[in-house]
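Shown here: work-v3.cif, mmCIF, C-alpha atoms.
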```cif
data_coords
loop_
_atom_site.label_atom_id
_atom_site.label_comp_id
_atom_site.auth_asym_id
_atom_site.auth_seq_id
_atom_site.Cartn_x
_atom_site.Cartn_y
_atom_site.Cartn_z
CA MET E 1 125.57 134.67 151.10
CA PHE E 2 126.81 132.27 148.40
CA LYS E 3 128.39 130.05 151.04
CA ASN E 4 125.09 129.80 152.94
CA LYS E 5 123.15 128.95 149.77
CA LEU E 6 125.67 126.30 148.77
CA LEU E 7 125.66 124.71 152.20
CA GLY E 8 121.87 124.86 152.42
CA ALA E 9 121.63 123.08 149.09
CA ALA E 10 124.11 120.39 150.17
CA LEU E 11 122.35 119.76 153.47
CA GLY E 12 118.96 119.83 151.77
CA LEU E 13 120.09 117.14 149.35
CA ALA E 14 121.52 115.06 152.15
CA PHE E 15 118.27 115.23 154.11
CA ALA E 16 116.17 114.57 151.02
CA PHE E 17 118.10 111.41 150.20
CA GLY E 18 118.06 109.64 153.52
CA ALA E 19 119.89 111.60 156.17
CA THR E 20 116.90 112.54 158.31
CA GLY E 21 116.73 113.68 161.90
CA ALA E 22 113.99 111.11 162.60
CA GLN E 23 116.53 108.30 162.79
CA ALA E 24 117.41 106.88 166.19
CA GLN E 25 121.11 107.37 165.60
CA GLU E 26 122.93 110.63 165.04
CA THR E 27 122.70 111.96 161.49
CA TYR E 28 126.08 111.80 159.78
CA ILE E 29 126.94 113.61 156.55
CA PRO E 30 130.42 112.95 155.14
CA LEU E 31 131.56 115.66 152.74
CA ILE E 32 134.36 114.63 150.41
CA SER E 33 135.86 117.52 148.52
CA LYS E 34 138.35 117.76 145.68
CA GLY E 35 140.93 119.26 148.03
CA PHE E 36 141.64 121.75 150.77
CA GLN E 37 143.95 124.23 149.06
CA HIS E 38 141.43 126.42 147.27
CA GLN E 39 139.60 129.21 149.12
CA PHE E 40 136.28 127.83 147.82
CA TRP E 41 136.75 124.53 149.70
CA GLN E 42 137.74 126.39 152.84
CA ALA E 43 134.45 128.32 152.62
CA VAL E 44 132.50 125.08 152.05
CA LYS E 45 134.18 123.51 155.11
CA SER E 46 133.44 126.52 157.28
CA GLY E 47 129.81 126.62 156.18
CA ALA E 48 129.38 122.87 156.70
CA GLU E 49 130.75 123.10 160.24
CA GLN E 50 128.39 125.96 161.08
CA ALA E 51 125.38 124.16 159.58
CA ALA E 52 126.28 121.01 161.52
CA LYS E 53 126.02 123.03 164.73
CA ASP E 54 122.78 124.69 163.62
CA TYR E 55 121.07 121.44 162.60
CA LYS E 56 122.68 119.26 165.28
CA VAL E 57 124.18 116.77 162.86
CA LYS E 58 127.66 115.34 162.49
CA VAL E 59 129.52 116.51 159.40
CA THR E 60 133.02 115.49 158.43
CA PHE E 61 134.99 117.22 155.71
CA GLU E 62 137.55 115.09 153.94
CA GLY E 63 139.58 115.35 150.81
CA PRO E 64 142.97 114.70 149.25
CA GLU E 65 145.87 117.08 149.63
CA THR E 66 145.44 118.40 146.08
CA GLU E 67 142.62 118.54 143.54
CA ALA E 68 144.74 116.54 141.08
CA MET E 69 144.58 113.41 143.27
CA ILE E 70 141.49 111.95 141.59
CA ASP E 71 142.29 108.34 142.56
CA LYS E 72 142.41 109.32 146.21
CA GLN E 73 139.06 111.12 145.89
CA ILE E 74 137.50 107.94 144.46
CA ASP E 75 139.02 105.84 147.25
CA MET E 76 137.59 108.23 149.85
CA LEU E 77 134.12 108.00 148.29
CA SER E 78 134.31 104.21 148.23
CA ALA E 79 135.45 104.04 151.86
CA SER E 80 132.90 106.51 153.24
CA PRO E 81 130.53 105.00 155.83
CA ARG E 82 127.51 105.54 153.57
CA SER E 83 129.28 104.24 150.49
CA THR E 84 126.15 102.37 149.35
CA ALA E 85 123.93 105.45 149.58
CA ARG E 86 122.97 107.24 146.38
CA PRO E 87 123.25 109.84 145.07
CA ARG E 88 126.60 111.23 146.05
CA CYS E 89 127.94 114.49 144.81
CA ARG E 90 131.64 114.90 144.11
CA CYS E 91 131.88 118.63 143.69
#
```

Structure translated into structure tokens:
Amino acid sequence: MFKNKLLGAALGLAFAFGATGAQAQETYIPLISKGFQHQFWQAVKSGAEQAAKDYKVKVTFEGPETEAMIDKQIDMLSASPRSTARPRCRC
């Protein structure tokens, strides 16, 4: 239940700030997490993949090896394809 609410909120924000299905190209939502180790991020990834199927969008889930790698998180945000889009959420 919590996972679905969290994912719904993330996708809702993405759609509200420019990632709409009305575009000619495929909608792409890059998710950049703090890491992959924690069970929370595994749940976010799983929910994002399911929502991508449900809403027919492309979602990628990226993040550094550990949550302590803040510089790598910043680099990933800067290098993301929609790096000029605002706002971005680093959760």

- Rank E:Gln50, E:Thr27, E:Ser80, E:Gln39 by their smallest atom-to-atom distance to Glu62 (chain E), using only C-alpha atoms, and report the top residue only.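 Answer, going by the shortest atom-to-atom distance: E:Ser80.
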
- Item | Residue contacts of Thr66 (chain E) (10 Å, only C-alpha atoms) excluding same-chain residues fewer than 5 positions away, as a PyMOL selection string | chain E and resi 33-38+72-73

- Name the closest residue to Leu31 (chain E) among the candidates E:Glu65, E:Asp54, E:Glu49, E:Asp71; distances are taken between atoms, counting all atoms listed in the file.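 For Leu31 (chain E), the nearest of the given residues is E:Glu49.
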
- Query: What is the CA of Pro30 (chain E) to CA of Thr60 (chain E) distance in Å?
  - Reply: 4.9 Å

- Task: In Å, rounded to a single decimal, give me how far CA of Lys58 (chain E) is from CA of Tyr28 (chain E).
- Result: 4.7 Å

- Query: By how many Å are CA of Tyr55 (chain E) and CA of Glu67 (chain E) apart?
  - Reply: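 Computing the Euclidean distance for CA of Tyr55 (chain E) and CA of Glu67 (chain E) yields 28.9 Å.
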
- Determine the nearest neighbour of Ser78 (chain E) from the options E:Val44, E:Val59, E:Ile32, E:Ala52, counting only C-alpha atoms.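 Ranking E:Val44, E:Val59, E:Ile32, E:Ala52 by distance to Ser78 (chain E), first place goes to E:Ile32.
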
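Each of E:Phe61, E:Met76, E:Pro81, E:Lys56 was compared to Ala43 (chain E) using only C-alpha atoms, and E:Phe61 turns out to be the nearest.
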